[in-house]
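Colleague: I'd like to ask you about the structure that follows.
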Amino acid sequence: MSAEQTHSSAEVAARVERRWGTIAVIIVVMMALLAAFAGIHRATMPQPRVETTDPSRLHLSGEFVESNLGSVLEANGNVTVRAIGQQYSFTPACIVVPVDTPITLRATSADVVHGILIQGTNVNTMLVPGYISEQLMRFTKAGDYLMPCQEFCSFGHEGMWGKVKVIDKTEFADRAKSSGRLSCVGQ
Amino acid sequence: MLVNRKLILAHFWLAFGVFGIALTLGAWQMFIRSPIGTWLSNPELYYRSLTAHGTVMGYVFPTLVAMGFGYAISESALEQRLVGVRWAWAGFWLIVAGSVMAVIPIALGRASVLYTFYPPLIGNVFYYLGVVLVVVGSWVWVALMSVNLRVWRKAHPGAPVPLAMFANVAGSYLWAWTAVGAALELLLQIIPVAAGLKATIDAGLARIFFSWTLHAIVYFWLMPTYIAYYTIVPRAIGGRVYSDSMARISFILFLVVAMPIGMHHTFADPQVGAGFKFIHSAFTALVALPTLLTVFTICASVEIAARLRGGRGMFGWTRALPWDNPMMLALAFSFVMLGFGGAGGLINMSYQLDASIHNTQWITGHFHLIFGGAIVIMYFVIAYDLWPHLTGRELIDIRLIRTQLWLWFIGMIVTTFPWHWVGILGMPRRMAYFDFADPAIAPQALSVTLSAIGGFILLASGIMFIVILARGMRAPQVDAGPYRFAIAVHQPATVPVALNTHALWVALMIALTLTNYGYPILNLALSEGTSVPAVYVGAQ
């Protein structure tokens with residue numbers, strides 16, 4: 001092999017490599033742009049804001065006192081659900097919500113780190129004590145969904161399963177008239 | 001020129017010994033939470049086992065492999081006796097001491113907090129101190145790698161640093177800086193609480209510190225594997241490295257961009273805002289770049305080997321590859337698993353898709369496929385390749401080696417594919433048992449059973465691996481010659497300073513970490529009223 005040949009083969013190698021490098025960079029940039037587009041245009045993104053709360057006073061006052069937990073129908077027709085996780089259960093253990101309605105889930109932890117995951121949906125958030133988790137959701141199908149704790153919270157973690165009951169809109173509105181905070185515990 | 005063989009063998013044997021124990025625990029865990037096992041009357045035993053499995057597989061095993069392999073690279077690539085052998089032994093014994101110190105509270109059920117810690121859950125203080133000792137022991141290795149390279153540079157001014165050593169030192173710097181996140185969490189937050197000096201802890205801040213370590217640690221695990229791709233595989237199969245500079249660029253990219261991306265583990269967390277989550281997501285996409293470059297370079301290097309062996313055609317050359325060579329087999333398996341695992345990883349780091357699989361069994365399936373599969377299978381062949389040079393004896397069980405690699409590959413696929421699937425169905429992680437009698441959970445029973453069977457295939461393969469190495473200690477003596485690394489098609493006579501030194505890239509790594517982590521950490525550390533009471537494990 002002459003010196004000239006070596007030189008040209010090295011150039012070919014470098015050219016092919018540069019081409020692949022360019023393709024790889026385009027792939028990476030496309031992925032980032034896609035995520036940005038979906039985040040801005042469709043507003044699908046992880047929780048954007050940070051809110052704090054004092055877990056040692058949760059039960060005494062403020063948003064997460066026991067009488068304020070559960071689902072509430074807001075004036076604009078949307079629903080807000082407030083819940084807490086503690087070793088080893090959710091309160092309320094069964095959450096009831098209407099179908100086809102924008103729902104805001106607001107939740108926190110009273111002790112260690114927990115998580116809320118609603119099976120069959122992409123509702124999935126951490127509950128970190130000291131911070132409030134907020135997630136927007138909307139169910140298109142009525143029915144029962146399992147809601148396990150998805151983060152290790154010590155020895156009883158495997159027993160921490162809640163439930164979500166998605167019911168008809170008018171049925172929910174009827175029930176909302178009679179009492180302020182709804183849940184399906186004991187049903 | 002491998003002089004300190006005992007030192008390297010000690011690292012490898014300890015690594016593979018603890019690996020065998022942790023693998024057995026892992027197989028038991030797969031079994032006991034599957035429908036073929038019976039429910040544990042005491043779920044705490046599961047978490048004890050899980051803590052031990054994670055601590056060994058995450059902190060002890062890969063660190064020891066990287067260290068032993070690093071010493072071997074330093075001596076053979078630089079052709080220079082290891083400087084600081086006493087320090088190296090001190091580091092080794094620190095890891096032994098740390099592992100013992102950590103495992104006792106775990107075995108007693110006093111530290112079942114899993115290897116990812118999860119404050120405000122707090123375990124016995126000796127567990128955390130043990131982990132710190134392991135990390136400190138590995139930092140001795142980091143310093144030694146740096147010192148040895150410096151000594152070599154003095155003797156060879158301006159010469160290109162051999163690729164294997166360049167990558168090895170990059171990996172050691174990556175580890176040194178990555179470990180700082182967990183070290184800050186342990187020293188500033190957890191240990192004072194575990195020792196009873198403080199009673200409250202900011203769980204959100206702790207999660208951010210840990211994310212600093214949690215992602216880049218994966219790239220530290222990956223380093224020996226990538227070093228093997230570039231500097232061992234082409235030599236072992238009779239090829240050349242396609243490009244020396246592209247290899248260096250890949251390792252530099254890992255060093256710089258593996259670090260400031262850990263918050264993609266906290267997309268679902270309430271303590272970070274959307275801005276930093278997006279930045280970390282975008283940077284994570286960037287870390288796909290060195291892997292894409294590597295896949296290209298290694299495939300090209302393998303093609304060179306095939307064509308040198310008479311391979312022809314667009315794809316026909318693949319038939320000319322030495323498929324009976326364990327190194328070739330392991331590389332192919334590793335790439336298949338890296339392909340599936342990498343595709344899954346792109347879903348995990350995605351700003352939107354992550355919500356569908358966050359903290360489900362999908363994630364466990366994912367990192368077992370990447371780490372246990374793509375990475376560890378290369379650890380196996382690194383050991384096989386080095387063994388005759390370390391023991392002065394021949395590895396005679398080539399057929400057994402091939403069977404072992406096949407079993408590991410099959411076992412990993414059988415374990416992790418159903419694991420991913422139940423994750424999509426929404427099965428949560430880290431649970432000691434599931435109520436398969438519940439009609440909503442019953443459909444997952446078959447997949448979980450398959451995973452458990454895969455776990456036993458992996459256990460069988462792991463036992464074979466240890467048996468092969470042990471038998472290799474008694475095999476007939478052989479002169480394996482000096483340990484060599486692959487050379488490039490166009491072996492560089494000179495290398496630009498930027499591709500021959502690390503200082504610039506380490507500075508960039510630190511700067512990017514500060515920009516991507518500085519504000520979120522300071523913001524959380526300075527905000528009042530977010531510390532919560534500790535919950536002591538074993539005190540209930």
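Ordering of the structure tokens sets the chain letters (A, B, ...), residue numbers begin anew at 1 in every chain, and ligands are numbered from 1 in the order given.
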Contacts of segment 275-281 of chain B at 7 Å or less, counting only C-alpha atoms, minus same-chain residues fewer than 3 places along, as a CSV table (one decimal) with C-alpha atoms, in the first residue's frame?
Modeller:
chain,number,residue,atom,x,y,z
B,260,PRO,CA,-25.8,16.8,34.1
B,261,ILE,CA,-28.8,14.7,33.1
B,262,GLY,CA,-29.9,12.8,36.2
B,263,MET,CA,-33.1,14.7,36.8
B,264,HIS,CA,-34.8,12.7,34.1
B,267,PHE,CA,-39.8,13.9,36.0
B,284,THR,CA,-30.2,12.9,28.1
B,285,ALA,CA,-31.0,12.8,24.4
B,349,MET,CA,-35.9,9.9,29.3
B,350,SER,CA,-38.6,11.3,27.2
B,351,TYR,CA,-40.3,14.3,28.7
Colleague: With only C-alpha atoms as the counted atoms, please give the residues lying no more than 12 Å from Ala511 of chain B, apart from itself and same-chain residues fewer than 5 positions off, as a list in words.
Modeller: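 The filter keeps Trp177, Val256, Val257, Met259, Pro260, Leu504, Trp505, Val506, Asn516, Tyr517 and Gly518 of chain B.
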Colleague: Kindly export the residues of the current selection with N, CA and C atoms, as a PDB file, in the first residue's frame.
Modeller:
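Result file result-v5.pdb:
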ATOM      1  N   TRP B 177     -16.545  12.139  40.071  1.00  0.00           N
ATOM      2  CA  TRP B 177     -17.451  13.287  40.141  1.00  0.00           C
ATOM      3  C   TRP B 177     -18.903  12.845  40.342  1.00  0.00           C
ATOM      4  N   VAL B 256     -18.437  14.201  29.537  1.00  0.00           N
ATOM      5  CA  VAL B 256     -19.033  15.528  29.664  1.00  0.00           C
ATOM      6  C   VAL B 256     -20.549  15.468  29.856  1.00  0.00           C
ATOM      7  N   VAL B 257     -21.242  14.656  29.047  1.00  0.00           N
ATOM      8  CA  VAL B 257     -22.710  14.750  29.073  1.00  0.00           C
ATOM      9  C   VAL B 257     -23.411  13.652  29.871  1.00  0.00           C
ATOM     10  N   MET B 259     -23.094  13.315  32.988  1.00  0.00           N
ATOM     11  CA  MET B 259     -23.316  13.877  34.318  1.00  0.00           C
ATOM     12  C   MET B 259     -24.596  14.703  34.476  1.00  0.00           C
ATOM     13  N   PRO B 260     -24.743  15.785  33.701  1.00  0.00           N
ATOM     14  CA  PRO B 260     -25.787  16.754  34.079  1.00  0.00           C
ATOM     15  C   PRO B 260     -27.170  16.384  33.558  1.00  0.00           C
ATOM     16  N   LEU B 504      -9.531  19.737  30.076  1.00  0.00           N
ATOM     17  CA  LEU B 504     -10.572  20.577  29.501  1.00  0.00           C
ATOM     18  C   LEU B 504     -11.948  19.944  29.706  1.00  0.00           C
ATOM     19  N   TRP B 505     -12.002  18.621  29.489  1.00  0.00           N
ATOM     20  CA  TRP B 505     -13.293  17.924  29.532  1.00  0.00           C
ATOM     21  C   TRP B 505     -13.798  17.766  30.952  1.00  0.00           C
ATOM     22  N   VAL B 506     -12.852  17.567  31.887  1.00  0.00           N
ATOM     23  CA  VAL B 506     -13.263  17.500  33.290  1.00  0.00           C
ATOM     24  C   VAL B 506     -13.819  18.855  33.723  1.00  0.00           C
ATOM     25  N   ASN B 516     -26.466  22.819  35.564  1.00  0.00           N
ATOM     26  CA  ASN B 516     -27.696  22.017  35.538  1.00  0.00           C
ATOM     27  C   ASN B 516     -28.184  21.622  36.921  1.00  0.00           C
ATOM     28  N   TYR B 517     -27.301  21.631  37.913  1.00  0.00           N
ATOM     29  CA  TYR B 517     -27.712  21.225  39.260  1.00  0.00           C
ATOM     30  C   TYR B 517     -27.631  22.359  40.280  1.00  0.00           C
ATOM     31  N   GLY B 518     -26.800  23.363  40.006  1.00  0.00           N
ATOM     32  CA  GLY B 518     -26.532  24.399  41.001  1.00  0.00           C
ATOM     33  C   GLY B 518     -27.792  25.060  41.506  1.00  0.00           C
TER      34      GLY B 518
END
Colleague: Enumerate the residues of segment 270-380 of chain B with a DSSP assignment of helix (DSSP H, G or I), computed from the backbone, and present them as a PyMOL selection string.
Modeller: chain B and resi 274-286+288-308+316-320+326-348+354-357+361-380
Colleague: Dump as CSV the rows for residues of chain A within 6 Å of chain B: closest atom pair and distance in Å with one decimal, only C-alpha atoms counted, ordered by chain and rising residue number.
Modeller:
residue,atom,partner,partner_atom,distance
A:Val28,CA,B:Ala285,CA,5.6
A:Ala32,CA,B:Ala282,CA,5.3
A:Met45,CA,B:Gln352,CA,5.7
A:Pro46,CA,B:Phe267,CA,5.6
A:Pro48,CA,B:Ala274,CA,4.1
A:Arg49,CA,B:Gly273,CA,5.1
A:Val50,CA,B:Gln271,CA,5.5
A:Val112,CA,B:Pro120,CA,5.6
A:Gln119,CA,B:Gly426,CA,4.8
A:Asn122,CA,B:Ser356,CA,4.4
A:Asn124,CA,B:Ala355,CA,5.6
A:Thr125,CA,B:Ala268,CA,4.8
A:Met126,CA,B:Asp269,CA,5.2
A:Gly130,CA,B:Thr530,CA,4.9
A:Ser133,CA,B:Pro270,CA,5.1
A:Gln150,CA,B:Pro428,CA,4.9
A:Phe155,CA,B:Glu44,CA,5.2
A:Glu158,CA,B:Met431,CA,4.6
Colleague: Go ahead and write the selection's residues with C-alpha atoms as a CSV table (one decimal), in the first residue's frame.
Modeller:
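This is the output file selection-v7.csv:
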chain,number,residue,atom,x,y,z
A,28,VAL,CA,-30.8,13.8,18.9
A,32,ALA,CA,-35.4,17.3,21.8
A,45,MET,CA,-45.3,17.7,30.4
A,46,PRO,CA,-44.2,16.7,33.9
A,48,PRO,CA,-44.2,22.4,36.2
A,49,ARG,CA,-44.5,24.2,39.5
A,50,VAL,CA,-43.1,23.6,43.0
A,112,VAL,CA,-42.2,9.0,53.7
A,119,GLN,CA,-53.1,1.4,36.1
A,122,ASN,CA,-50.5,7.6,32.3
A,124,ASN,CA,-48.2,8.7,37.5
A,125,THR,CA,-46.7,11.0,40.2
A,126,MET,CA,-44.4,10.9,43.2
A,130,GLY,CA,-43.0,18.5,52.2
A,133,SER,CA,-47.9,16.9,43.7
A,150,GLN,CA,-45.3,2.9,43.1
A,155,PHE,CA,-42.1,-3.1,54.8
A,158,GLU,CA,-46.7,-4.3,48.8
Colleague: Between B:Ala195, B:Leu321, B:Leu459, B:Val161, which residue has the minimum interatomic distance to Tyr127 of chain B, considering only C-alpha atoms?
Modeller: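 Nearest to Tyr127 of chain B: B:Ala195.
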Colleague: Env of segment 86-91 of chain A: 6 Å cut, atoms = only C-alpha atoms, seq-sep filter 6 positions within chain, self excluded. Answer as an mmCIF file with N, CA and C atoms, in the first residue's frame.
Modeller:
data_model
loop_
_atom_site.group_PDB
_atom_site.id
_atom_site.type_symbol
_atom_site.label_atom_id
_atom_site.label_comp_id
_atom_site.auth_asym_id
_atom_site.auth_seq_id
_atom_site.Cartn_x
_atom_site.Cartn_y
_atom_site.Cartn_z
ATOM 1 N N SER A 109 -47.638 13.556 50.781
ATOM 2 C CA SER A 109 -47.385 12.440 51.682
ATOM 3 C C SER A 109 -47.342 12.943 53.117
ATOM 4 N N ALA A 110 -47.813 12.101 54.043
ATOM 5 C CA ALA A 110 -47.792 12.480 55.450
ATOM 6 C C ALA A 110 -46.542 11.960 56.163
ATOM 7 N N ASP A 111 -45.782 11.061 55.515
ATOM 8 C CA ASP A 111 -44.593 10.544 56.196
ATOM 9 C C ASP A 111 -43.400 10.358 55.246
ATOM 10 N N GLY A 156 -44.453 -2.388 54.450
ATOM 11 C CA GLY A 156 -45.833 -2.665 54.071
ATOM 12 C C GLY A 156 -46.171 -2.199 52.662
ATOM 13 N N MET A 160 -50.004 -1.557 49.775
ATOM 14 C CA MET A 160 -50.564 -0.204 49.617
ATOM 15 C C MET A 160 -51.210 -0.041 48.245
#
Colleague: Find the residues near segment 213-230 of chain B: any atom within 6 Å, counting only C-alpha atoms, skip ones fewer than 6 places away on the same chain, and give them as a list in words.
Modeller: Pro62, Gly171, Trp175, Thr178, Ala179, Gly181, Ala182, Ala258, Met259, Gly262, Ile375 and Met378 of chain B
Colleague: Considering only C-alpha atoms, can you say which of B:Ala206, B:Leu253, B:Ala107, B:Val100 comes closest to Leu129 of chain B?
Modeller: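 Among the listed residues, the smallest separation from Leu129 of chain B belongs to B:Val100.
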Colleague: Which residues are close to segment 65-79 of chain A, i.e. within 6 Å by only C-alpha atoms, leaving aside same-chain residues fewer than 2 positions away? Reply as a PyMOL selection string.
Modeller: chain A and resi 58-59+61+63+81-83+102-103+181-183
